[in-house]
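Text of the file protein.cif, holding mmCIF, C-alpha atoms:
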```
data_model
#
loop_
_atom_site.label_atom_id
_atom_site.label_comp_id
_atom_site.auth_asym_id
_atom_site.auth_seq_id
_atom_site.Cartn_x
_atom_site.Cartn_y
_atom_site.Cartn_z
CA MET A 1 -4.69 22.64 -10.45
CA SER A 2 -1.13 21.67 -9.60
CA VAL A 3 -0.10 20.55 -6.14
CA SER A 4 2.31 23.43 -5.67
CA ALA A 5 -0.38 25.94 -6.63
CA ARG A 6 -3.04 24.51 -4.29
CA PRO A 7 -4.37 27.29 -2.05
CA HIS A 8 -4.48 26.68 1.68
CA ALA A 9 -8.23 27.40 1.79
CA PRO A 10 -10.05 24.10 1.27
CA ILE A 11 -12.11 23.47 -1.84
CA ASP A 12 -15.85 23.38 -1.20
CA VAL A 13 -17.00 20.06 -2.66
CA TRP A 14 -20.75 20.16 -3.11
CA ILE A 15 -22.47 16.79 -3.49
CA LEU A 16 -25.96 17.06 -4.94
CA VAL A 17 -28.44 14.73 -3.26
CA GLU A 18 -31.56 13.94 -5.26
CA ARG A 19 -34.44 11.64 -4.42
CA HIS A 20 -33.33 7.99 -4.72
CA THR A 21 -29.68 8.99 -5.19
CA LEU A 22 -27.35 5.98 -5.42
CA LEU A 23 -25.76 5.90 -1.99
CA LEU A 24 -22.54 4.21 -3.13
CA ASP A 25 -21.98 6.88 -5.81
CA LEU A 26 -22.16 9.53 -3.12
CA ALA A 27 -20.40 7.72 -0.28
CA GLY A 28 -17.48 6.35 -2.33
CA ALA A 29 -16.45 9.77 -3.59
CA ALA A 30 -17.03 11.44 -0.21
CA GLU A 31 -15.01 8.82 1.66
CA ALA A 32 -12.06 9.17 -0.72
CA LEU A 33 -12.03 12.93 -0.16
CA ARG A 34 -12.31 12.50 3.62
CA LEU A 35 -9.38 10.10 3.63
CA ALA A 36 -7.34 12.54 1.53
CA ASN A 37 -7.91 15.19 4.21
CA GLN A 38 -6.89 12.69 6.86
CA ALA A 39 -3.67 11.83 5.02
CA LEU A 40 -2.85 15.51 4.59
CA ARG A 41 -3.36 16.19 8.30
CA ARG A 42 -1.06 13.31 9.20
CA ARG A 43 1.81 14.89 7.31
CA GLY A 44 1.10 18.32 8.78
CA ASP A 45 -0.63 19.89 5.77
CA PRO A 46 -4.00 21.69 5.77
CA GLU A 47 -7.07 19.86 4.57
CA ALA A 48 -7.80 20.27 0.87
CA PHE A 49 -11.55 19.60 0.76
CA ARG A 50 -14.66 20.68 2.65
CA LEU A 51 -17.54 18.28 2.02
CA ARG A 52 -21.01 19.82 1.71
CA TYR A 53 -24.30 18.22 0.75
CA CYS A 54 -27.06 20.13 -1.00
CA SER A 55 -30.53 19.36 -2.28
CA ALA A 56 -33.79 20.92 -3.35
CA ALA A 57 -35.27 19.70 -0.05
CA PRO A 58 -33.91 19.41 3.51
CA ALA A 59 -33.99 15.59 3.31
CA ALA A 60 -33.95 12.94 0.58
CA LEU A 61 -34.58 9.20 0.52
CA SER A 62 -31.57 7.37 -0.91
CA SER A 63 -31.57 4.33 -3.21
CA VAL A 64 -31.26 1.91 -0.27
CA GLY A 65 -34.05 3.46 1.78
CA LEU A 66 -31.80 5.49 4.08
CA THR A 67 -32.96 9.06 4.48
CA LEU A 68 -30.25 11.72 4.17
CA ALA A 69 -31.13 14.79 6.21
CA ALA A 70 -29.78 18.22 7.21
CA LEU A 71 -29.04 18.96 3.54
CA GLU A 72 -28.10 22.50 2.56
CA ALA A 73 -30.13 24.52 0.07
CA LEU A 74 -28.96 24.65 -3.54
CA PRO A 75 -26.03 27.09 -3.35
CA GLU A 76 -24.47 29.76 -5.46
CA LEU A 77 -21.21 28.05 -6.37
CA GLY A 78 -17.82 29.72 -6.06
CA PRO A 79 -15.35 29.64 -8.96
CA ARG A 80 -13.07 27.11 -7.17
CA ASP A 81 -15.86 24.80 -6.02
CA TRP A 82 -16.37 21.22 -7.10
CA LEU A 83 -19.85 19.87 -7.77
CA ILE A 84 -20.54 16.13 -7.78
CA LEU A 85 -23.61 14.68 -9.52
CA SER A 86 -24.40 11.06 -8.67
CA GLY A 87 -26.78 8.60 -10.28
CA ARG A 88 -30.29 7.70 -9.18
CA ARG A 89 -32.09 4.41 -8.69
CA HIS A 90 -33.93 3.29 -11.83
CA ALA A 91 -37.69 3.56 -11.51
CA HIS A 92 -39.37 0.24 -10.69
CA PRO A 93 -42.54 -0.74 -12.60
CA ASP A 94 -44.41 -0.77 -9.28
CA ASP A 95 -43.26 2.73 -8.33
CA PRO A 96 -45.99 5.36 -8.35
CA ALA A 97 -45.78 8.02 -11.05
CA PRO A 98 -43.84 11.13 -10.01
CA GLY A 99 -46.06 13.65 -8.29
CA ILE A 100 -46.26 17.34 -9.04
CA ASP A 101 -43.97 18.16 -6.14
CA GLU A 102 -41.31 15.73 -7.33
CA ARG A 103 -41.41 17.01 -10.89
CA GLU A 104 -41.20 20.64 -9.74
CA GLU A 105 -38.23 19.67 -7.58
CA GLU A 106 -36.47 18.08 -10.58
CA LEU A 107 -37.09 21.16 -12.73
CA ARG A 108 -35.75 23.43 -9.99
CA ILE A 109 -32.58 21.35 -9.78
CA GLU A 110 -32.12 21.40 -13.57
CA ARG A 111 -32.53 25.19 -13.73
CA TRP A 112 -30.11 25.67 -10.84
CA LEU A 113 -27.62 23.26 -12.37
CA HIS A 114 -27.74 24.97 -15.77
CA ARG A 115 -27.00 28.35 -14.19
CA GLU A 116 -24.38 27.28 -11.67
CA GLY A 117 -22.84 24.52 -13.78
CA THR A 118 -22.35 26.80 -16.75
CA ALA A 119 -20.57 29.37 -14.57
CA LEU A 120 -18.47 26.68 -12.89
CA LEU A 121 -17.27 25.21 -16.17
CA ALA A 122 -16.47 28.69 -17.46
CA SER A 123 -14.48 29.65 -14.36
CA GLY A 124 -11.49 27.51 -15.32
CA GLN A 125 -10.84 26.80 -11.63
CA GLY A 126 -13.67 24.57 -10.43
CA ARG A 127 -14.79 21.06 -11.33
CA LEU A 128 -18.05 19.46 -12.41
CA LEU A 129 -18.00 15.72 -11.70
CA SER A 130 -20.61 13.20 -12.76
CA ILE A 131 -20.66 9.67 -11.40
CA CYS A 132 -22.60 6.91 -13.14
CA ALA A 133 -25.91 8.25 -14.48
CA GLY A 134 -25.24 11.65 -12.96
CA ALA A 135 -24.13 12.53 -16.50
CA LEU A 136 -27.78 12.37 -17.57
CA LEU A 137 -28.62 15.20 -15.19
CA ALA A 138 -25.72 17.24 -16.60
CA ALA A 139 -27.06 16.52 -20.09
CA ARG A 140 -30.58 17.68 -19.21
CA ALA A 141 -29.07 20.87 -17.83
CA GLY A 142 -27.31 21.48 -21.16
CA LEU A 143 -23.75 21.19 -19.80
CA LEU A 144 -22.28 18.49 -22.07
CA ASP A 145 -22.52 19.99 -25.56
CA GLY A 146 -19.19 19.74 -27.36
CA ARG A 147 -17.55 17.87 -24.48
CA ARG A 148 -16.18 14.35 -24.05
CA CYS A 149 -17.96 12.34 -21.37
CA THR A 150 -19.02 8.87 -20.27
CA THR A 151 -21.52 7.16 -17.98
CA HIS A 152 -22.68 3.73 -16.84
CA HIS A 153 -22.73 1.27 -19.74
CA GLU A 154 -26.50 0.81 -19.37
CA SER A 155 -27.03 4.58 -19.75
CA LEU A 156 -24.80 5.28 -22.76
CA ASP A 157 -27.64 5.32 -25.30
CA ALA A 158 -29.76 7.50 -23.02
CA LEU A 159 -26.85 9.92 -22.65
CA ARG A 160 -26.34 10.10 -26.42
CA GLU A 161 -30.03 10.88 -26.82
CA ALA A 162 -30.02 13.49 -24.05
CA ALA A 163 -26.81 15.16 -25.27
CA PRO A 164 -26.54 14.63 -29.05
CA ALA A 165 -23.86 17.33 -29.31
CA ALA A 166 -21.61 15.60 -26.75
CA GLU A 167 -18.87 13.08 -27.56
CA VAL A 168 -20.08 10.14 -25.48
CA GLN A 169 -17.32 7.57 -24.99
CA ALA A 170 -18.01 3.93 -24.15
CA ASN A 171 -15.86 1.43 -22.29
CA ARG A 172 -14.09 4.07 -20.23
CA VAL A 173 -13.53 4.08 -16.47
CA PHE A 174 -13.65 7.85 -16.54
CA VAL A 175 -13.12 10.75 -18.93
CA LEU A 176 -11.50 14.10 -18.18
CA ASP A 177 -12.34 17.03 -20.42
CA GLY A 178 -11.01 20.21 -18.86
CA PRO A 179 -13.17 21.11 -15.85
CA LEU A 180 -15.68 18.37 -16.71
CA ALA A 181 -15.00 14.93 -15.25
CA SER A 182 -17.32 11.96 -15.79
CA SER A 183 -17.12 8.34 -14.75
CA ALA A 184 -18.76 5.03 -15.56
CA GLY A 185 -20.88 3.06 -13.13
CA ILE A 186 -20.86 3.44 -9.36
CA THR A 187 -17.40 2.42 -8.05
CA ALA A 188 -15.73 4.04 -11.07
CA GLY A 189 -16.51 7.28 -9.27
CA ILE A 190 -13.86 6.32 -6.72
CA ASP A 191 -11.31 5.93 -9.54
CA LEU A 192 -12.27 9.35 -10.85
CA VAL A 193 -11.96 11.04 -7.46
CA LEU A 194 -8.61 9.33 -6.81
CA ALA A 195 -7.28 10.80 -10.06
CA LEU A 196 -8.46 14.28 -9.05
CA ILE A 197 -6.98 13.86 -5.56
CA ALA A 198 -3.65 13.02 -7.21
CA GLU A 199 -3.90 16.18 -9.28
CA ALA A 200 -4.85 18.43 -6.36
CA CYS A 201 -2.83 16.88 -3.52
CA GLY A 202 -0.14 14.74 -5.12
CA GLU A 203 0.20 11.11 -6.12
CA ALA A 204 1.44 10.03 -2.69
CA ILE A 205 -1.79 11.18 -1.04
CA ALA A 206 -3.88 9.44 -3.73
CA ALA A 207 -1.89 6.24 -3.25
CA THR A 208 -2.46 6.40 0.50
CA VAL A 209 -6.21 6.81 0.00
CA ALA A 210 -6.32 3.91 -2.46
CA GLN A 211 -4.43 1.73 -0.02
CA VAL A 212 -6.85 2.48 2.82
CA MET A 213 -9.88 1.90 0.58
CA VAL A 214 -8.34 -1.30 -0.82
CA VAL A 215 -8.87 -0.24 -4.43
CA TYR A 216 -6.60 -0.12 -7.48
CA LEU A 217 -5.50 3.16 -8.98
CA ARG A 218 -6.55 2.81 -12.59
CA ARG A 219 -7.47 4.81 -15.69
CA GLY A 220 -9.61 4.26 -18.72
CA ALA A 221 -8.19 2.43 -21.70
CA GLN A 222 -7.35 5.61 -23.61
CA ASP A 223 -6.23 7.78 -20.71
CA PRO A 224 -2.54 8.45 -20.03
CA GLU A 225 -0.59 5.81 -18.17
CA LEU A 226 -0.36 6.08 -14.42
CA SER A 227 2.30 8.34 -13.04
CA PRO A 228 5.38 6.44 -11.81
CA MET A 229 4.47 7.72 -8.36
CA LEU A 230 1.29 5.64 -8.53
CA ALA A 231 2.76 2.60 -10.28
CA HIS A 232 3.66 -0.66 -8.50
CA ARG A 233 1.00 0.08 -5.87
CA HIS A 234 -1.49 -2.68 -6.72
CA HIS A 235 -0.76 -4.69 -3.59
CA LEU A 236 -1.76 -4.78 0.07
CA HIS A 237 1.60 -5.35 1.73
CA PRO A 238 1.94 -2.76 4.55
CA ALA A 239 5.75 -2.88 4.80
CA LEU A 240 6.11 -2.25 1.08
CA HIS A 241 3.65 0.64 1.22
CA ARG A 242 5.66 2.17 4.08
CA VAL A 243 8.78 2.17 1.95
CA GLN A 244 6.98 3.55 -1.10
CA ASP A 245 5.34 6.27 0.99
CA ALA A 246 8.70 7.24 2.45
CA ILE A 247 10.39 7.41 -0.95
CA CYS A 248 7.55 9.43 -2.50
CA GLY A 249 7.59 11.74 0.52
CA ASP A 250 11.32 12.49 0.20
CA PRO A 251 12.68 11.09 -3.08
CA ARG A 252 15.81 13.29 -2.95
CA ALA A 253 17.04 11.68 0.27
CA ASP A 254 20.03 9.34 0.33
CA TRP A 255 18.07 6.13 -0.17
CA SER A 256 20.27 3.07 0.13
CA LEU A 257 18.80 -0.42 0.08
CA ALA A 258 19.67 -0.73 3.77
CA ARG A 259 17.80 2.48 4.61
CA MET A 260 14.72 1.28 2.72
CA ALA A 261 14.87 -2.04 4.54
CA GLY A 262 15.02 -0.16 7.83
CA VAL A 263 11.74 1.61 7.01
CA ALA A 264 10.13 -1.76 6.26
CA HIS A 265 11.70 -3.43 9.32
CA VAL A 266 13.02 -6.30 7.19
CA THR A 267 16.41 -7.30 5.81
CA PRO A 268 17.59 -5.81 2.49
CA ARG A 269 17.35 -9.23 0.84
CA HIS A 270 13.79 -9.74 2.05
CA LEU A 271 12.80 -6.23 0.93
CA THR A 272 14.04 -7.02 -2.59
CA ARG A 273 11.93 -10.20 -2.58
CA LEU A 274 8.88 -8.23 -1.41
CA PHE A 275 9.30 -5.59 -4.14
CA THR A 276 9.73 -8.27 -6.80
CA GLN A 277 6.79 -10.35 -5.62
CA HIS A 278 4.27 -7.62 -4.80
CA GLY A 279 5.43 -4.57 -6.76
CA GLY A 280 6.87 -6.15 -9.90
CA THR A 281 10.10 -4.16 -9.64
CA THR A 282 13.19 -3.80 -7.45
CA PRO A 283 13.59 -1.23 -4.65
CA LEU A 284 16.31 0.70 -6.45
CA ASP A 285 14.49 0.67 -9.80
CA TYR A 286 11.41 1.99 -8.01
CA LEU A 287 13.49 4.82 -6.55
CA ARG A 288 15.03 5.57 -9.95
CA ALA A 289 11.59 5.73 -11.60
CA ILE A 290 10.36 8.21 -8.98
CA ARG A 291 13.42 10.41 -9.45
CA LEU A 292 13.12 10.27 -13.22
CA GLU A 293 9.53 11.50 -12.94
CA LEU A 294 10.64 14.42 -10.78
CA ALA A 295 13.38 15.27 -13.26
CA ARG A 296 10.91 15.06 -16.15
CA ARG A 297 8.63 17.56 -14.42
CA GLU A 298 11.52 19.93 -13.76
CA LEU A 299 12.64 19.74 -17.40
CA ALA A 300 9.06 20.36 -18.56
CA ARG A 301 9.10 23.59 -16.55
CA GLY A 302 12.22 24.71 -18.38
CA THR A 303 14.76 23.87 -15.67
CA ARG A 304 18.29 23.32 -16.97
CA PRO A 305 19.28 19.59 -17.13
CA ALA A 306 21.95 19.81 -14.42
CA GLN A 307 19.60 21.63 -12.06
CA ALA A 308 16.73 19.24 -12.84
CA ALA A 309 18.96 16.26 -12.07
CA MET A 310 20.04 17.69 -8.72
CA ALA A 311 16.46 18.64 -7.80
CA ALA A 312 15.35 15.06 -8.44
CA GLY A 313 18.08 13.48 -6.33
CA PHE A 314 20.64 12.58 -9.03
CA SER A 315 24.28 13.50 -8.55
CA SER A 316 24.55 14.95 -12.07
CA ASP A 317 22.73 15.21 -15.38
CA GLN A 318 25.05 12.44 -16.63
CA GLN A 319 23.67 10.09 -13.96
CA LEU A 320 20.17 11.15 -14.96
CA ARG A 321 20.84 10.26 -18.60
CA ARG A 322 22.37 6.88 -17.65
CA THR A 323 19.41 6.03 -15.45
CA ARG A 324 16.94 6.96 -18.19
CA ARG A 325 18.77 4.78 -20.71
CA ARG A 326 18.87 1.86 -18.31
CA LEU A 327 15.19 1.95 -17.40
CA ASN A 328 14.17 2.43 -21.04
CA ALA A 329 16.28 -0.57 -22.03
CA ASP A 330 14.70 -2.72 -19.32
CA SER A 331 11.12 -1.72 -20.14
#
```
Let me see whether you can do it: turn the structure in this file into structure tokens.
Amino acid sequence: MSVSARPHAPIDVWILVERHTLLLDLAGAAEALRLANQALRRRGDPEAFRLRYCSAAPAALSSVGLTLAALEALPELGPRDWLILSGRRHAHPDDPAPGIDEREEELRIERWLHREGTALLASGQGRLLSICAGALLAARAGLLDGRRCTTHHESLDALREAAPAAEVQANRVFVLDGPLASSAGITAGIDLVLALIAEACGEAIAATVAQVMVVYLRRGAQDPELSPMLAHRHHLHPALHRVQDAICGDPRADWSLARMAGVAHVTPRHLTRLFTQHGGTTPLDYLRAIRLELARRELARGTRPAQAAMAAGFSSDQQLRRTRRRLNADS
């Protein structure tokens, strides 16, 4: 879903909570979505996500022994909903064998997931996300046949066995296959959710969330390169982030080096040093890269070159072409 097409009504994000669910799988994704809502509110936009937690029982014991309570019943999902499946703690040799109640609970979840997950994937609007070994649950529910997916490296063989008709990919941070999104182990779920936040809310919001969570924005080895609006963000310098946020928020503005330095509250010379040291680029080249990305998107939508250049902040399509040649020559 594109940013411009995002409805004002928030997306219901259902997080399935099973017995012994990995708390970091759940909390990392939920916190990223909460912070995205917070960033949207700060710029005067409506929240994009409504977090909801469901289970086959009103409470569930997590992997770290913390009980999660007040859980909603397994819902009938809407066509725009997102559903997140997290991993579970591996059984310990000293653990008692699953009781009848636990097994019945697992079967009820699998039947519900097959019905609702199938409809969600077919809707073309919603998302099914698996984090870590959550992909194994999706496999048992029959949702991965013919699809590309990944999981924690320790669970890859188990996933191939559970979903022989799926294209299981190893050594990937995450894999996107249409409405299905799967990630590798634990914290890779944060990377996955950041990518989906960028898609739903824009790269500037995703970059803000990553900055607050002190994580890198990254992709798997075979995924497309990061958008220029997310590049040069692998640093923790607050003044530099202020400038980058301001440029991404209004890239068409008249951004001189002095104006950028004013946002950072430093001298122009010092700002250039900061960009070079922490961002690996110069302030003006960063601005040019952002504007080129905007122009590229306009051209992809069929906008005439002169109009695309003006919409991206260039004075003419000739300046756009010169800037593209310069950055390509420097890269």
For this session: Write out as a list in words the residues lying within 10 Å of Ala261 (chain A), counting all atoms listed in the file and excluding same-chain residues fewer than 2 positions away.
Result: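 These residues fall inside the cut-off: Ala239, Leu240, Val243, Trp255, Ser256, Leu257, Ala258, Arg259, Val263, Ala264, His265, Val266, Thr267, Pro268, Arg269, His270, Leu271, Thr272 and Pro283 of chain A.
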Exercise. Any idea what's packed within 7 Å of Glu47 (chain A), counting only C-alpha atoms, ignoring anything in its chain fewer than 5 positions away? Could you give it as a list in words?
Worked result: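 My reading of the contact set: Pro10, Asn37, Leu40 and Arg41 of chain A.
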Generate the output file for the selected residues, C-alpha atoms, as a compact mmCIF listing (two decimals), in the frame of the given file.
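Below you can see again01.txt, which holds the result:
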```txt
# COMPACT_ATOMS: atom_id res chain seq x y z
CA PRO A 10 -10.05 24.10 1.27
CA ASN A 37 -7.91 15.19 4.21
CA LEU A 40 -2.85 15.51 4.59
CA ARG A 41 -3.36 16.19 8.30
```
Problem set entry | Atomic separation - CA of Leu51 (chain A) relative to CA of His235 (chain A), Å | 29.0 Å
For this session: Write out as a PyMOL selection string each polymer residue whose atoms come within 9 Å of Leu113 (chain A), counting all atoms listed in the file; drop sequence neighbours fewer than 3 positions from it.
Result: chain A and resi 108-110+116-118+137-138+141-143
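Every polymer residue reaching to within 10 Å of (-2.0, -2.7, -0.8), counting all atoms listed in the file, appears in this list: Ala207, Thr208, Ala210, Gln211, Val212, Met213, Val214, Val215, Tyr216, His232, Arg233, His234, His235, Leu236, His237, Pro238, Ala239, Leu240, His241, His278 and Gly279 of chain A.
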For this session: Just give me the residues with any atom within 10 Å of (-1.4, 19.1, 2.2), file coordinates, counting all atoms listed in the file, written as number ranges by chain.
Result: A: 3-4, 6-8, 36-48, 200-202, 205
Selected residues written out, C-alpha atoms, as an mmCIF file, keeping the file's coordinate frame:
```cif
data_model
loop_
_atom_site.group_PDB
_atom_site.id
_atom_site.type_symbol
_atom_site.label_atom_id
_atom_site.label_comp_id
_atom_site.auth_asym_id
_atom_site.auth_seq_id
_atom_site.Cartn_x
_atom_site.Cartn_y
_atom_site.Cartn_z
ATOM 1 C CA VAL A 3 -0.100 20.550 -6.140
ATOM 2 C CA SER A 4 2.310 23.430 -5.670
ATOM 3 C CA ARG A 6 -3.040 24.510 -4.290
ATOM 4 C CA PRO A 7 -4.370 27.290 -2.050
ATOM 5 C CA HIS A 8 -4.480 26.680 1.680
ATOM 6 C CA ALA A 36 -7.340 12.540 1.530
ATOM 7 C CA ASN A 37 -7.910 15.190 4.210
ATOM 8 C CA GLN A 38 -6.890 12.690 6.860
ATOM 9 C CA ALA A 39 -3.670 11.830 5.020
ATOM 10 C CA LEU A 40 -2.850 15.510 4.590
ATOM 11 C CA ARG A 41 -3.360 16.190 8.300
ATOM 12 C CA ARG A 42 -1.060 13.310 9.200
ATOM 13 C CA ARG A 43 1.810 14.890 7.310
ATOM 14 C CA GLY A 44 1.100 18.320 8.780
ATOM 15 C CA ASP A 45 -0.630 19.890 5.770
ATOM 16 C CA PRO A 46 -4.000 21.690 5.770
ATOM 17 C CA GLU A 47 -7.070 19.860 4.570
ATOM 18 C CA ALA A 48 -7.800 20.270 0.870
ATOM 19 C CA ALA A 200 -4.850 18.430 -6.360
ATOM 20 C CA CYS A 201 -2.830 16.880 -3.520
ATOM 21 C CA GLY A 202 -0.140 14.740 -5.120
ATOM 22 C CA ILE A 205 -1.790 11.180 -1.040
#
```
Problem set entry | Residues near Asp317 (chain A), cut-off 8 Å, only C-alpha atoms, skip fewer than 6 positions along chain, as a VMD selection string | chain A and resid 305 to 310
Exercise. Using the chain letters and numbers from the file, which residues does the PyMOL selection byres ((chain A and resi 228) around 8) grab, as a ChimeraX atom specification?
Worked result: /A:226-227,229-231,289-290,293
Exercise. Any idea what the distance is between CA of His114 (chain A) and CA of Val168 (chain A)?
Worked result: 19.3 Å
Exercise. When you draw a straight line from CA of Leu180 (chain A) to CA of Glu199 (chain A), how long is it in Å?
Worked result: 14.1 Å
Problem set entry | Counting all atoms listed in the file, the residue of A:Ala204, A:Leu77, A:Arg147, A:Leu129 that sits nearest Arg242 (chain A) |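 Distance minimum relative to Arg242 (chain A) lands on A:Ala204.
Distances to Val13 (chain A) were evaluated for A:Leu85, A:Ala188, A:Arg111, A:Ala70 using only C-alpha atoms, and the minimum falls at A:Leu85.
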For this session: May I ask which of the residues A:Ala133, A:Ala163, A:Ala139, A:Val193 is the closest one to Thr151 (chain A), counting all atoms listed in the file?
Result: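 Result for the nearest residue to Thr151 (chain A): A:Ala133.
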Problem set entry | Result set, the PyMOL selection byres ((chain A and resi 152) around 8) on current file, as a list in words |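 Selected by the PyMOL selection byres ((chain A and resi 152) around 8) here: Cys132, Ala133, Thr150, Thr151, His153, Glu154, Ser155, Leu156, Ser183, Ala184, Gly185 and Ile186 of chain A.
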Write the selection just made, keeping C-alpha atoms, as a CSV table (one decimal), keeping the file's coordinate frame?
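And here is the file that came out, part07.csv:
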```
chain,number,residue,atom,x,y,z
A,132,CYS,CA,-22.6,6.9,-13.1
A,133,ALA,CA,-25.9,8.2,-14.5
A,150,THR,CA,-19.0,8.9,-20.3
A,151,THR,CA,-21.5,7.2,-18.0
A,153,HIS,CA,-22.7,1.3,-19.7
A,154,GLU,CA,-26.5,0.8,-19.4
A,155,SER,CA,-27.0,4.6,-19.8
A,156,LEU,CA,-24.8,5.3,-22.8
A,183,SER,CA,-17.1,8.3,-14.8
A,184,ALA,CA,-18.8,5.0,-15.6
A,185,GLY,CA,-20.9,3.1,-13.1
A,186,ILE,CA,-20.9,3.4,-9.4
```
Only all heavy atoms, please: region 253-259 of chain A from the block, as an mmCIF file, in the first residue's frame.
```cif
data_model
loop_
_atom_site.group_PDB
_atom_site.id
_atom_site.type_symbol
_atom_site.label_atom_id
_atom_site.label_comp_id
_atom_site.auth_asym_id
_atom_site.auth_seq_id
_atom_site.Cartn_x
_atom_site.Cartn_y
_atom_site.Cartn_z
ATOM 1 N N ALA A 253 11.833 22.343 -0.554
ATOM 2 C CA ALA A 253 12.125 23.676 -0.017
ATOM 3 C C ALA A 253 13.472 24.188 -0.538
ATOM 4 O O ALA A 253 14.269 23.433 -1.109
ATOM 5 C CB ALA A 253 12.133 23.628 1.513
ATOM 6 N N ASP A 254 13.721 25.442 -0.340
ATOM 7 C CA ASP A 254 14.965 26.075 -0.778
ATOM 8 C C ASP A 254 16.054 25.783 0.248
ATOM 9 O O ASP A 254 16.338 26.596 1.134
ATOM 10 C CB ASP A 254 14.753 27.584 -0.931
ATOM 11 C CG ASP A 254 16.001 28.288 -1.468
ATOM 12 O OD1 ASP A 254 16.897 27.585 -1.993
ATOM 13 O OD2 ASP A 254 16.070 29.526 -1.350
ATOM 14 N N TRP A 255 16.682 24.616 0.103
ATOM 15 C CA TRP A 255 17.656 24.156 1.092
ATOM 16 C C TRP A 255 19.064 24.606 0.701
ATOM 17 O O TRP A 255 19.710 24.000 -0.130
ATOM 18 C CB TRP A 255 17.632 22.634 1.221
ATOM 19 C CG TRP A 255 16.451 22.110 1.961
ATOM 20 C CD1 TRP A 255 15.381 21.434 1.451
ATOM 21 C CD2 TRP A 255 16.207 22.232 3.365
ATOM 22 N NE1 TRP A 255 14.485 21.132 2.427
ATOM 23 C CE2 TRP A 255 14.969 21.609 3.620
ATOM 24 C CE3 TRP A 255 16.904 22.824 4.417
ATOM 25 C CZ2 TRP A 255 14.417 21.547 4.903
ATOM 26 C CZ3 TRP A 255 16.358 22.760 5.684
ATOM 27 C CH2 TRP A 255 15.130 22.133 5.922
ATOM 28 N N SER A 256 19.524 25.667 1.332
ATOM 29 C CA SER A 256 20.926 26.056 1.201
ATOM 30 C C SER A 256 21.713 25.392 2.320
ATOM 31 O O SER A 256 21.141 24.900 3.311
ATOM 32 C CB SER A 256 21.076 27.574 1.314
ATOM 33 O OG SER A 256 20.685 28.005 2.620
ATOM 34 N N LEU A 257 23.029 25.364 2.186
ATOM 35 C CA LEU A 257 23.859 24.798 3.246
ATOM 36 C C LEU A 257 23.668 25.572 4.546
ATOM 37 O O LEU A 257 23.626 24.983 5.637
ATOM 38 C CB LEU A 257 25.329 24.823 2.821
ATOM 39 C CG LEU A 257 26.335 24.185 3.787
ATOM 40 C CD1 LEU A 257 25.989 22.733 4.063
ATOM 41 C CD2 LEU A 257 27.754 24.302 3.213
ATOM 42 N N ALA A 258 23.501 26.885 4.442
ATOM 43 C CA ALA A 258 23.299 27.697 5.642
ATOM 44 C C ALA A 258 21.988 27.349 6.340
ATOM 45 O O ALA A 258 21.918 27.295 7.579
ATOM 46 C CB ALA A 258 23.321 29.180 5.270
ATOM 47 N N ARG A 259 20.941 27.101 5.543
ATOM 48 C CA ARG A 259 19.654 26.744 6.150
ATOM 49 C C ARG A 259 19.740 25.388 6.840
ATOM 50 O O ARG A 259 19.208 25.210 7.931
ATOM 51 C CB ARG A 259 18.566 26.728 5.088
ATOM 52 C CG ARG A 259 17.194 26.406 5.651
ATOM 53 C CD ARG A 259 16.116 26.487 4.597
ATOM 54 N NE ARG A 259 14.818 26.142 5.142
ATOM 55 C CZ ARG A 259 13.676 26.117 4.436
ATOM 56 N NH1 ARG A 259 13.704 26.452 3.148
ATOM 57 N NH2 ARG A 259 12.544 25.782 5.012
#
```
